[in-house]
Amino acid sequence: MEGGRNVDRTVSRFIRYAECASESHNEKAFCEYMEQELAGMGIPFERQELGNEVVTDGWNILARIPGRSGKTPFLFVFHLDTAAPSNQVEVCVEGGCIRSKGSSVLGADGKLAIAVVMEAVERLMQEGEINRPIELLFTVCQELGLHGAKYADYSRIESEEAIVIDHYVTGEVLTRTPARLYMNVELIGRAAHVIRNEEPGVNALLTAVEIIHQIPVGRLNDNLSINVFDLVSLSPSNAVPKYARFDVEIRCFGNDIKQEIRDRIRRKAEETAERMGCKCNIREEEDVPETDFSENTDMLERLASIYSRSGLSMITARSFGVLDATCTNQLGIRTVPIGFNIYHSHSAREYVVIEDVKKMLELVENIIRYF
């Protein structure tokens, strides 16, 4: 019966979180809400204000939960922001599932992990069952490029190990995430009035479309995903567009694959632009490196034992997701990302099955007790 009450409280907590506005860039309301939660539970915390590198009205939060004397702390990392649209979420519970009404994203990506961990922490604090001290880092603007995690003040963190719950399958533990590369392609043609045959223009928009037509998009194989976005070309209706630009996101595993696809896109863009008479400028930025979490062998072994204790088979997996875990692992805080069941994440169809929450809560309580 106690387990059922715990699940009910976790669901209620998650619904409260989900209905608090928190789109990326606009996390202030949820930052304030979480500070109230932490204060109400007697957990000390500090704000980490961010500089101009991060466009947000919110801030990171670092909280600390005491554990047993002589034990080293470990870190949970969460992101406070949710994918848009999620500033006016109205939650409904039907058929054993938690959903959002209308066209809003539920926000389980981010908030479900926070709700489950906060519920587990509250109960185990009351029962004196916190083992190792726990640090909780809540970040902003994760969905837009891990900005909160990139600019967090890690000098304030003592932990040398971290767990990040930011994957969509309970039981799966991620051992690898991809590199992410952006390419910005800019085309400069020649403007002209559309009726001037004696001095025709060079259509930059047409050139951009011709290049995009040659770029494969979607999940191309197990190692490569490409997305083309933000095609822009502003022009009067009676003029040949002089300027156009678009962006390409590449997520991939393997340096050879990354180099091959970036070279291929660059070559196609430059050759097509030359053929159509446009100047072509290409800028590249790799903002997230490929990350191998399998090197944290002892952590994975301890987690496997905890999953077994929780009645789960721990399955190692790869994901095309880009996670705060990359930032902590890069900085020497050895990290393992794990998953909770979330269906149709980042869409208005997103939902959580209440029956799954019981297993999530049991897993987190065992992590806090035994990790």
# chains A, B, ... in the order shown; residues from 1 in each chain; ligands from 1

$ select_by_dssp --residues "range 9-43 of chain A" --states "alpha helix (DSSP H)" --output "PyMOL selection string"
chain A and resi 9-18+28-40

$ closest_atom_pairs --of "range 295-371 of chain A" --to "range 70-74 of chain A" --cutoff "10 Å" --atoms "only C-alpha atoms" --output "CSV"
residue,atom,partner,partner_atom,distance
A:Ile333,CA,A:Phe74,CA,9.2
A:Arg334,CA,A:Phe74,CA,9.8
A:Thr335,CA,A:Phe74,CA,9.8
A:Ile368,CA,A:Phe74,CA,9.4
A:Phe371,CA,A:Phe74,CA,8.8

$ closest_residue --among "A:Ile157, A:Ala179, A:Ala269, A:Ala239" --to "Arg196 in chain A" --atoms "only C-alpha atoms"
A:Ala239

$ residues_around --residues "Val336 in chain A" --least-positions-apart "6" --cutoff "12 Å" --atoms "only C-alpha atoms" --output "JSON, numbers by chain"
{"A": [74, 75, 76, 77, 160, 161, 162, 163, 164, 165, 166, 167, 172, 173, 174, 175, 176, 177, 291, 292, 293, 294, 295, 296, 297, 298, 299, 300, 301, 302, 303, 304, 316, 317, 318, 323, 324, 325, 326, 327, 328, 329, 330]}

$ atom_distance --atom1 "CA of Met41 in chain A" --atom2 "CA of Ala120 in chain A"
12.0 Å

$ closest_residue --among "A:Ile212, A:Met183, A:Leu363, A:Ala63" --to "Asp287 in chain A" --atoms "only C-alpha atoms"
A:Met183

$ residues_around --residues "Lys101 in chain A" --least-positions-apart "6" --cutoff "7 Å" --atoms "only C-alpha atoms" --output "ChimeraX atom specification"
/A:90-92

$ closest_residue --among "A:Ile130, A:Ala348, A:Leu205, A:Leu331" --to "Phe246 in chain A" --atoms "only C-alpha atoms"
A:Leu205

$ residues_around --residues "Leu144 in chain A" --least-positions-apart "3" --cutoff "8 Å" --atoms "only C-alpha atoms" --output "PyMOL selection string"
chain A and resi 24+141+147

$ select_by_dssp --residues "range 31-205 of chain A" --states "strand (DSSP E or B)" --output "PyMOL selection string"
chain A and resi 45-48+60-65+74-79+82+91-94+97-100+134-139+161-165+172-177+179-188+190+193+202

$ residues_around --residues "Thr82 in chain A" --least-positions-apart "5" --cutoff "8 Å" --atoms "only C-alpha atoms" --output "list of chain:residue names"
A:Ser22, A:Glu23, A:Ser24, A:Gly107, A:Asp109, A:Gly110, A:Lys111, A:Glu143

$ write_last_selection --atoms "C-alpha atoms" --output "PDB file, in the first residue's frame"
ATOM      1  CA  SER A  22       9.483  26.352 -18.391  1.00  0.00           C
ATOM      2  CA  GLU A  23      10.172  26.621 -22.107  1.00  0.00           C
ATOM      3  CA  SER A  24      13.838  27.094 -22.961  1.00  0.00           C
ATOM      4  CA  GLY A 107       7.388  18.233 -20.565  1.00  0.00           C
ATOM      5  CA  ASP A 109      11.550  15.122 -20.840  1.00  0.00           C
ATOM      6  CA  GLY A 110      13.225  16.849 -17.930  1.00  0.00           C
ATOM      7  CA  LYS A 111      10.455  17.095 -15.363  1.00  0.00           C
ATOM      8  CA  GLU A 143      17.190  21.698 -25.142  1.00  0.00           C
TER       9      GLU A 143
END

$ residues_around --residues "Gly189 in chain A" --least-positions-apart "3" --cutoff "8 Å" --atoms "only C-alpha atoms" --output "ChimeraX atom specification"
/A:201-204,241-243,277-279

$ atom_distance --atom1 "CA of Arg9 in chain A" --atom2 "CA of Glu27 in chain A"
23.7 Å
